[in-house]
>>> print(open('coords.txt').read())   # compact mmCIF, C-alpha atoms and all ligand atoms
# COMPACT_ATOMS: atom_id res chain seq x y z
CA MET A 29 0.00 0.00 0.00
CA SER A 30 2.77 2.44 -0.94
CA LEU A 31 0.24 5.03 -2.21
CA LYS A 32 -2.05 5.07 0.83
CA GLY A 33 -3.79 8.45 1.21
CA LYS A 34 -2.44 9.86 -2.07
CA THR A 35 -4.79 11.36 -4.67
CA ALA A 36 -4.35 10.23 -8.26
CA VAL A 37 -5.99 11.90 -11.27
CA VAL A 38 -6.26 9.62 -14.32
CA THR A 39 -7.52 11.03 -17.64
CA GLY A 40 -9.43 8.60 -19.83
CA GLY A 41 -9.64 6.41 -16.74
CA SER A 42 -13.02 4.82 -17.46
CA ARG A 43 -11.84 2.03 -19.72
CA GLY A 44 -8.87 0.36 -21.38
CA ILE A 45 -5.39 1.18 -20.10
CA GLY A 46 -6.73 4.12 -18.04
CA LYS A 47 -9.08 1.83 -16.13
CA ALA A 48 -6.26 -0.67 -15.45
CA ILE A 49 -4.11 2.22 -14.16
CA SER A 50 -6.93 3.48 -11.91
CA MET A 51 -7.46 -0.02 -10.48
CA LYS A 52 -3.74 -0.63 -9.93
CA LEU A 53 -3.17 2.72 -8.15
CA ALA A 54 -6.28 2.06 -6.04
CA LYS A 55 -4.92 -1.38 -5.07
CA GLN A 56 -1.83 0.48 -3.81
CA GLY A 57 -4.12 2.63 -1.62
CA ALA A 58 -4.52 5.81 -3.70
CA ASN A 59 -7.84 7.67 -3.93
CA ILE A 60 -8.80 7.96 -7.58
CA VAL A 61 -10.26 10.74 -9.71
CA VAL A 62 -11.26 9.65 -13.19
CA LEU A 63 -11.53 12.45 -15.75
CA ASP A 64 -13.26 11.24 -18.89
CA MET A 65 -15.71 12.28 -21.60
CA VAL A 66 -18.17 9.73 -20.27
CA ILE A 67 -17.81 8.42 -16.72
CA SER A 68 -18.39 4.71 -16.29
CA ASP A 69 -20.27 4.20 -13.00
CA GLU A 70 -19.26 0.56 -13.20
CA THR A 71 -15.55 1.52 -13.16
CA ILE A 72 -16.04 3.94 -10.24
CA ASP A 73 -17.89 1.21 -8.27
CA GLU A 74 -15.13 -1.33 -9.00
CA ILE A 75 -12.50 1.12 -7.71
CA LYS A 76 -14.53 1.87 -4.55
CA LYS A 77 -14.64 -1.87 -3.79
CA LEU A 78 -10.86 -1.58 -3.21
CA LYS A 79 -11.64 0.52 -0.08
CA VAL A 80 -10.43 3.86 -1.45
CA LYS A 81 -12.36 6.99 -2.39
CA ALA A 82 -13.18 7.34 -6.08
CA ILE A 83 -14.96 10.02 -8.07
CA GLY A 84 -15.54 10.57 -11.75
CA ILE A 85 -15.75 14.01 -13.32
CA GLU A 86 -16.98 14.40 -16.88
CA THR A 87 -14.17 16.26 -18.60
CA ASN A 88 -13.07 16.92 -22.14
CA VAL A 89 -9.29 17.30 -21.91
CA THR A 90 -9.22 19.41 -25.08
CA ASP A 91 -11.34 22.07 -23.36
CA GLU A 92 -9.32 24.28 -21.00
CA VAL A 93 -12.44 25.47 -19.13
CA SER A 94 -13.68 21.90 -18.59
CA VAL A 95 -10.23 20.84 -17.29
CA ASN A 96 -9.87 23.86 -14.97
CA GLU A 97 -13.33 23.22 -13.48
CA ALA A 98 -12.51 19.53 -12.96
CA ILE A 99 -9.21 20.25 -11.19
CA LYS A 100 -10.98 22.85 -8.99
CA LYS A 101 -13.48 20.16 -8.01
CA VAL A 102 -10.66 17.68 -7.24
CA LEU A 103 -9.00 20.18 -4.90
CA GLU A 104 -12.33 20.88 -3.16
CA THR A 105 -12.83 17.13 -2.59
CA PHE A 106 -9.28 16.06 -1.74
CA GLU A 107 -6.54 18.08 -0.07
CA THR A 108 -3.81 17.33 -2.59
CA ILE A 109 -3.14 16.12 -6.10
CA ASP A 110 -0.20 13.76 -5.75
CA ILE A 111 -0.27 11.74 -8.97
CA VAL A 112 -1.39 12.80 -12.45
CA VAL A 113 -1.62 10.31 -15.29
CA ASN A 114 -2.23 11.80 -18.74
CA ASN A 115 -3.71 8.76 -20.44
CA ALA A 116 -6.61 10.06 -22.59
CA GLY A 117 -5.79 9.41 -26.21
CA ILE A 118 -7.30 8.76 -29.62
CA THR A 119 -6.20 7.57 -33.06
CA LYS A 120 -7.43 8.69 -36.49
CA ASP A 121 -5.14 6.79 -38.84
CA ASN A 122 -4.53 7.39 -42.52
CA LEU A 123 -1.64 7.84 -44.93
CA LEU A 124 -0.60 11.49 -45.04
CA LEU A 125 -1.88 11.67 -48.60
CA ARG A 126 -5.41 11.00 -47.33
CA MET A 127 -5.20 12.45 -43.82
CA LYS A 128 -7.70 15.24 -43.31
CA LYS A 129 -6.62 18.36 -41.46
CA GLU A 130 -9.46 17.77 -38.97
CA ASP A 131 -8.04 14.31 -38.16
CA TRP A 132 -4.60 15.79 -37.61
CA ASP A 133 -6.08 18.48 -35.31
CA ALA A 134 -8.29 16.05 -33.37
CA VAL A 135 -5.41 13.73 -32.47
CA ILE A 136 -3.00 16.54 -31.55
CA ASN A 137 -5.75 18.22 -29.49
CA VAL A 138 -6.58 15.18 -27.36
CA ASN A 139 -3.17 13.50 -27.06
CA LEU A 140 -0.91 16.53 -26.70
CA THR A 141 -2.92 19.69 -25.96
CA GLY A 142 -5.10 17.64 -23.58
CA ALA A 143 -2.05 16.80 -21.47
CA PHE A 144 -0.90 20.45 -21.66
CA ASN A 145 -4.30 21.63 -20.36
CA VAL A 146 -4.21 19.20 -17.42
CA LEU A 147 -0.60 20.00 -16.51
CA LYS A 148 -1.29 23.76 -16.65
CA ALA A 149 -4.22 23.25 -14.26
CA VAL A 150 -2.27 21.14 -11.72
CA ASN A 151 1.00 23.08 -11.99
CA LYS A 152 0.38 25.63 -9.19
CA PRO A 153 -1.18 23.29 -6.60
CA MET A 154 1.55 20.68 -7.15
CA PHE A 155 4.29 23.32 -6.90
CA LYS A 156 2.79 24.46 -3.58
CA GLN A 157 2.87 20.88 -2.28
CA ARG A 158 6.50 20.51 -3.33
CA SER A 159 5.97 16.89 -4.25
CA GLY A 160 4.23 14.85 -6.90
CA LYS A 161 4.43 12.38 -9.74
CA ILE A 162 3.38 13.01 -13.33
CA ILE A 163 3.17 10.14 -15.79
CA ASN A 164 2.37 10.75 -19.46
CA ILE A 165 1.18 7.80 -21.52
CA ALA A 166 3.05 8.10 -24.81
CA SER A 167 3.60 5.25 -27.30
CA VAL A 168 6.50 3.46 -28.98
CA VAL A 169 5.05 4.99 -32.17
CA GLY A 170 6.29 8.36 -30.85
CA LEU A 171 9.82 6.88 -30.84
CA MET A 172 9.85 4.86 -34.08
CA GLY A 173 7.03 6.24 -36.25
CA ASN A 174 4.36 4.10 -37.92
CA VAL A 175 2.85 4.09 -41.39
CA GLY A 176 -0.57 5.78 -41.32
CA GLN A 177 -0.03 7.48 -37.97
CA ALA A 178 1.70 10.82 -38.71
CA ASN A 179 -0.76 12.63 -36.42
CA TYR A 180 -0.54 10.05 -33.60
CA ALA A 181 3.27 9.68 -33.81
CA ALA A 182 3.70 13.47 -33.76
CA SER A 183 1.40 13.79 -30.73
CA LYS A 184 3.26 11.08 -28.78
CA ALA A 185 6.73 12.38 -29.76
CA GLY A 186 5.51 15.80 -28.60
CA LEU A 187 4.37 14.32 -25.31
CA ILE A 188 7.83 12.81 -24.81
CA GLY A 189 9.45 16.20 -25.48
CA MET A 190 7.07 17.84 -23.01
CA THR A 191 7.85 15.13 -20.42
CA LYS A 192 11.59 15.80 -20.60
CA THR A 193 11.11 19.57 -20.47
CA LEU A 194 8.77 19.48 -17.47
CA ALA A 195 11.06 16.98 -15.70
CA ARG A 196 13.67 19.75 -15.80
CA GLU A 197 11.21 22.56 -14.91
CA PHE A 198 9.58 20.70 -11.99
CA ALA A 199 12.67 19.04 -10.52
CA THR A 200 13.38 21.76 -7.97
CA ARG A 201 9.85 21.23 -6.56
CA ASN A 202 10.45 17.51 -6.02
CA ILE A 203 8.03 16.54 -8.79
CA GLN A 204 9.11 13.68 -11.05
CA VAL A 205 7.81 13.66 -14.63
CA ASN A 206 8.13 10.49 -16.70
CA ALA A 207 6.51 8.86 -19.71
CA VAL A 208 5.41 5.28 -20.29
CA ALA A 209 5.50 4.17 -23.94
CA PRO A 210 3.30 1.13 -24.52
CA GLY A 211 3.81 -1.03 -27.58
CA PHE A 212 0.76 -2.96 -28.78
CA ILE A 213 -1.68 -3.56 -25.95
CA ASN A 214 -5.00 -5.45 -26.13
CA THR A 215 -7.67 -2.71 -25.83
CA GLU A 216 -10.50 -1.23 -27.92
CA MET A 217 -7.87 0.91 -29.67
CA THR A 218 -5.97 -2.09 -31.08
CA LYS A 219 -9.16 -4.08 -31.82
CA LYS A 220 -9.47 -1.79 -34.88
CA LEU A 221 -6.28 -3.29 -36.45
CA SER A 222 -6.62 -5.76 -39.33
CA ALA A 223 -5.42 -9.39 -38.93
CA GLU A 224 -2.53 -8.70 -41.37
CA VAL A 225 -1.31 -5.72 -39.32
CA VAL A 226 -1.54 -7.76 -36.09
CA ASP A 227 0.45 -10.64 -37.67
CA TYR A 228 3.10 -8.24 -38.96
CA PHE A 229 3.61 -6.59 -35.58
CA ILE A 230 3.60 -9.83 -33.59
CA LYS A 231 6.51 -11.02 -35.78
CA ASN A 232 8.38 -7.89 -34.67
CA ILE A 233 7.73 -8.23 -30.93
CA PRO A 234 10.55 -10.28 -29.34
CA LEU A 235 8.21 -11.52 -26.57
CA GLY A 236 5.85 -12.67 -29.35
CA THR A 237 2.53 -11.29 -28.14
CA PHE A 238 0.54 -8.08 -27.54
CA GLY A 239 0.63 -6.81 -23.95
CA GLU A 240 -2.25 -6.33 -21.52
CA ALA A 241 -3.44 -3.05 -19.97
CA GLU A 242 -2.19 -4.35 -16.60
CA ASP A 243 1.39 -4.49 -17.95
CA VAL A 244 1.22 -0.73 -18.57
CA ALA A 245 -0.47 -0.11 -15.21
CA ASN A 246 2.35 -1.92 -13.37
CA ALA A 247 4.95 0.44 -14.86
CA VAL A 248 2.77 3.47 -14.02
CA ALA A 249 2.38 2.29 -10.41
CA PHE A 250 6.17 2.05 -10.07
CA LEU A 251 6.61 5.59 -11.43
CA ALA A 252 3.80 6.86 -9.16
CA GLY A 253 5.35 5.47 -5.99
CA PRO A 254 8.34 6.27 -3.77
CA ASP A 255 10.56 3.53 -5.30
CA SER A 256 11.06 5.79 -8.36
CA ASN A 257 11.95 8.99 -6.48
CA TYR A 258 15.33 9.32 -8.24
CA ILE A 259 13.91 8.75 -11.74
CA THR A 260 12.75 11.70 -13.85
CA GLY A 261 12.56 12.65 -17.53
CA GLN A 262 12.58 8.99 -18.63
CA VAL A 263 10.54 7.02 -21.13
CA VAL A 264 9.76 3.49 -19.96
CA ASN A 265 8.84 1.22 -22.88
CA VAL A 266 6.26 -1.47 -22.11
CA ASP A 267 6.38 -3.20 -25.47
CA GLY A 268 7.63 -6.80 -25.26
CA GLY A 269 11.00 -5.60 -26.57
CA MET A 270 9.75 -3.97 -29.80
CA VAL A 271 11.95 -0.91 -29.36
CA MET A 272 15.39 -1.35 -27.84
P1 LIG B 301 -9.09 3.48 -25.34
O1 LIG B 301 -9.50 2.12 -24.88
O2 LIG B 301 -9.59 3.99 -26.64
O3 LIG B 301 -9.40 4.54 -24.17
C1 LIG B 301 -9.11 5.90 -24.32
C2 LIG B 301 -9.78 6.68 -23.21
O4 LIG B 301 -9.51 8.09 -23.42
C3 LIG B 301 -11.30 6.50 -23.22
O5 LIG B 301 -11.78 6.40 -21.90
C4 LIG B 301 -11.76 7.79 -23.89
O6 LIG B 301 -13.06 8.22 -23.53
C5 LIG B 301 -10.75 8.79 -23.32
N1 LIG B 301 -10.76 10.03 -24.10
C6 LIG B 301 -10.71 10.20 -25.44
N2 LIG B 301 -10.82 11.49 -25.76
C7 LIG B 301 -10.95 12.17 -24.59
C8 LIG B 301 -11.11 13.54 -24.27
N3 LIG B 301 -11.14 14.50 -25.20
N4 LIG B 301 -11.20 13.89 -22.95
C9 LIG B 301 -11.17 12.96 -21.99
N5 LIG B 301 -11.02 11.65 -22.23
C10 LIG B 301 -10.92 11.26 -23.52
O7 LIG B 301 -7.50 3.57 -25.47
P2 LIG B 301 -6.36 2.74 -24.71
O8 LIG B 301 -5.87 1.72 -25.64
O9 LIG B 301 -6.76 2.40 -23.35
O10 LIG B 301 -5.23 3.89 -24.69
C11 LIG B 301 -4.94 4.67 -23.55
C12 LIG B 301 -3.68 5.48 -23.82
O11 LIG B 301 -2.60 4.58 -24.13
C13 LIG B 301 -3.80 6.42 -25.01
O12 LIG B 301 -3.11 7.62 -24.75
C14 LIG B 301 -3.11 5.66 -26.13
O13 LIG B 301 -2.60 6.50 -27.11
C15 LIG B 301 -2.01 4.95 -25.36
N6 LIG B 301 -1.49 3.77 -26.04
C16 LIG B 301 -2.28 2.70 -26.29
C17 LIG B 301 -1.74 1.60 -26.95
C18 LIG B 301 -2.53 0.35 -27.25
O14 LIG B 301 -1.97 -0.54 -27.90
N7 LIG B 301 -3.77 0.23 -26.84
C19 LIG B 301 -0.40 1.63 -27.36
C20 LIG B 301 0.37 2.74 -27.10
C21 LIG B 301 -0.19 3.81 -26.42
P3 LIG B 301 -14.37 7.71 -24.31
O15 LIG B 301 -14.68 6.38 -23.72
O16 LIG B 301 -15.41 8.72 -23.99
O17 LIG B 301 -14.01 7.65 -25.76
>>> encode(input="coords.txt", output="structure tokens")
Amino acid sequence: MSLKGKTAVVTGGSRGIGKAISMKLAKQGANIVVLDMVISDETIDEIKKLKVKAIGIETNVTDEVSVNEAIKKVLETFETIDIVVNNAGITKDNLLLRMKKEDWDAVINVNLTGAFNVLKAVNKPMFKQRSGKIINIASVVGLMGNVGQANYAASKAGLIGMTKTLAREFATRNIQVNAVAPGFINTEMTKKLSAEVVDYFIKNIPLGTFGEAEDVANAVAFLAGPDSNYITGQVVNVDGGMVM
């Protein structure tokens, strides 16, 4: 229970990797705030069963006003914000030739500007606390690129750049900022991939299989806890060895 009494904010925490992260942090004793477009009452109830406090706040991370209101509500409910996980993310894949400007904008807005909005909102309260952990969920695609994902790769590479910059900016306030870069993980997002694409990628994963949301959550829990206090500005790949 290394996170007992801490407050963790998880964006996109209702389902997929975000839900696994919320559950894992709750198992470690953290109270959980899920920020999501649609709050799953089922997820909130499952978290509460782990004997921690849990609330969901409907939030669109692309909307600064919505994010600021949500963070205000978190601070009214809990005394501190100790852990922030920027997990909300979308894909809108296409070759650049066919990629619409609106699909470029949508992906950058959720994956990169969304994290910016959340970090702007928590910046002052976390600085006042002089402690905290920020974990940005990037992707190996942000490191290696991927055909049909110019928008997604750019957003995740941007998130990695922001992680390293804020690790430097926040270090004097005892706030560690790291990224986790999942490879291919079994969620709704990867269910969209064709059988050929899945086969191709599995051949290129040394451990020979897609990962599970819990594999990502385990890395996040390490970076959210005291065992990682001397680690900042890093990208931890959870990818079965795809990128090394
Ligand atoms: P997912 O199952 O599609 O879940 C994404 C979550 O983000 C959903 O709860 C979604 O809400 C929420 N979201 C989307 N737009 C939002 C917005 N504007 N404001 C607030 N919440 C929003 O995806 P996942 O596979 O769990 O992915 C989670 C993160 O891991 C993403 O950042 C993704 O890029 C990253 N990742 C995933 C993989 C993978 O293989 N799955 C690999 C590398 C990185 P709704 O339910 O309302 O849509």
>>> closest_residue(input="coords.txt", among="A:Leu194, A:Val169, A:Val112, A:Ala58", to="ligand LIG 301 (chain B)", atoms="all atoms listed in the file")
A:Val169
>>> axis_aligned_box(input="coords.txt", around="ligand LIG 301 (chain B)", padding_each_side="8 Å", output="JSON")
{"center_x": -7.5, "center_y": 7.0, "center_z": -24.9, "size_x": 31.8, "size_y": 31.0, "size_z": 22.0}
>>> closest_atom_pairs(input="coords.txt", of="chain A", to="ligand LIG 301 (chain B)", cutoff="8 Å", atoms="all atoms listed in the file", output="CSV")
residue,atom,partner,partner_atom,distance
A:Thr39,CA,B:LIG301,N5,5.8
A:Gly40,CA,B:LIG301,O4,3.6
A:Gly41,CA,B:LIG301,O5,5.6
A:Ser42,CA,B:LIG301,O5,4.9
A:Arg43,CA,B:LIG301,O5,4.9
A:Gly44,CA,B:LIG301,O9,3.5
A:Ile45,CA,B:LIG301,O9,3.7
A:Gly46,CA,B:LIG301,O9,5.6
A:Lys47,CA,B:LIG301,O9,7.6
A:Leu63,CA,B:LIG301,C9,6.3
A:Asp64,CA,B:LIG301,N5,4.0
A:Met65,CA,B:LIG301,O16,4.3
A:Val66,CA,B:LIG301,O16,4.7
A:Ile67,CA,B:LIG301,O16,7.7
A:Glu86,CA,B:LIG301,C9,7.9
A:Thr87,CA,B:LIG301,C9,5.6
A:Asn88,CA,B:LIG301,N4,3.7
A:Val89,CA,B:LIG301,N4,4.0
A:Thr90,CA,B:LIG301,N3,5.3
A:Asp91,CA,B:LIG301,N3,7.8
A:Asn114,CA,B:LIG301,O12,7.4
A:Asn115,CA,B:LIG301,O12,4.5
A:Ala116,CA,B:LIG301,O4,3.6
A:Gly117,CA,B:LIG301,O12,3.5
A:Ile118,CA,B:LIG301,C6,5.6
A:Thr119,CA,B:LIG301,O13,7.0
A:Asn137,CA,B:LIG301,N3,7.8
A:Val138,CA,B:LIG301,N3,5.1
A:Asn139,CA,B:LIG301,O12,6.3
A:Gly142,CA,B:LIG301,N3,7.0
A:Ile165,CA,B:LIG301,O12,5.4
A:Ala166,CA,B:LIG301,C21,5.6
A:Ser167,CA,B:LIG301,C20,4.1
A:Val168,CA,B:LIG301,C20,6.5
A:Val169,CA,B:LIG301,C20,7.3
A:Tyr180,CA,B:LIG301,O13,7.7
A:Lys184,CA,B:LIG301,O13,7.6
A:Ala209,CA,B:LIG301,C20,6.2
A:Pro210,CA,B:LIG301,C20,4.2
A:Gly211,CA,B:LIG301,C19,5.0
A:Phe212,CA,B:LIG301,O14,3.8
A:Ile213,CA,B:LIG301,O14,3.6
A:Asn214,CA,B:LIG301,N7,5.9
A:Thr215,CA,B:LIG301,O8,4.8
A:Glu216,CA,B:LIG301,O1,4.6
A:Met217,CA,B:LIG301,O8,4.6
A:Thr218,CA,B:LIG301,N7,5.3
A:Phe238,CA,B:LIG301,O14,8.0
A:Gly239,CA,B:LIG301,O14,7.9
A:Ala241,CA,B:LIG301,O9,7.2
>>> atom_distance(input="coords.txt", atom1="atom CA of A:Gln177", atom2="atom CA of A:Leu235")
23.6 Å
>>> atom_distance(input="coords.txt", atom1="atom CA of A:Ala185", atom2="atom CA of A:Gly236")
25.1 Å
>>> closest_residue(input="coords.txt", among="A:Ala207, A:Gln157, A:Asp255, A:Ile233", to="A:Gly269", atoms="all atoms listed in the file")
A:Ile233
>>> closest_residue(input="coords.txt", among="A:Thr193, A:Asn174, A:Thr141, A:Asn202", to="A:Asp110", atoms="only C-alpha atoms")
A:Asn202
>>> atom_distance(input="coords.txt", atom1="atom CA of A:Asn265", atom2="atom CA of A:Asn232")
14.9 Å
>>> closest_residue(input="coords.txt", among="A:Ile60, A:Ala149, A:Val264, A:Leu140", to="A:Val93", atoms="all atoms listed in the file")
A:Ala149
>>> residues_around(input="coords.txt", residues="A:Ala252", least_positions_apart="4", cutoff="9 Å", atoms="all atoms listed in the file", output="VMD selection string")
chain A and resid 31 36 53 110 to 113 160 to 163 204 247 to 248 256 to 257
>>> write_last_selection(input="coords.txt", atoms="C-alpha atoms", output="PDB file, keeping the file's coordinate frame")
ATOM      1  CA  LEU A  31       0.240   5.030  -2.210  1.00  0.00           C
ATOM      2  CA  ALA A  36      -4.350  10.230  -8.260  1.00  0.00           C
ATOM      3  CA  LEU A  53      -3.170   2.720  -8.150  1.00  0.00           C
ATOM      4  CA  ASP A 110      -0.200  13.760  -5.750  1.00  0.00           C
ATOM      5  CA  ILE A 111      -0.270  11.740  -8.970  1.00  0.00           C
ATOM      6  CA  VAL A 112      -1.390  12.800 -12.450  1.00  0.00           C
ATOM      7  CA  VAL A 113      -1.620  10.310 -15.290  1.00  0.00           C
ATOM      8  CA  GLY A 160       4.230  14.850  -6.900  1.00  0.00           C
ATOM      9  CA  LYS A 161       4.430  12.380  -9.740  1.00  0.00           C
ATOM     10  CA  ILE A 162       3.380  13.010 -13.330  1.00  0.00           C
ATOM     11  CA  ILE A 163       3.170  10.140 -15.790  1.00  0.00           C
ATOM     12  CA  GLN A 204       9.110  13.680 -11.050  1.00  0.00           C
ATOM     13  CA  ALA A 247       4.950   0.440 -14.860  1.00  0.00           C
ATOM     14  CA  VAL A 248       2.770   3.470 -14.020  1.00  0.00           C
ATOM     15  CA  SER A 256      11.060   5.790  -8.360  1.00  0.00           C
ATOM     16  CA  ASN A 257      11.950   8.990  -6.480  1.00  0.00           C
TER      17      ASN A 257
END
>>> closest_residue(input="coords.txt", among="A:Thr191, A:Ser68, A:Thr200, A:Ser183", to="A:Ile83", atoms="all atoms listed in the file")
A:Ser68
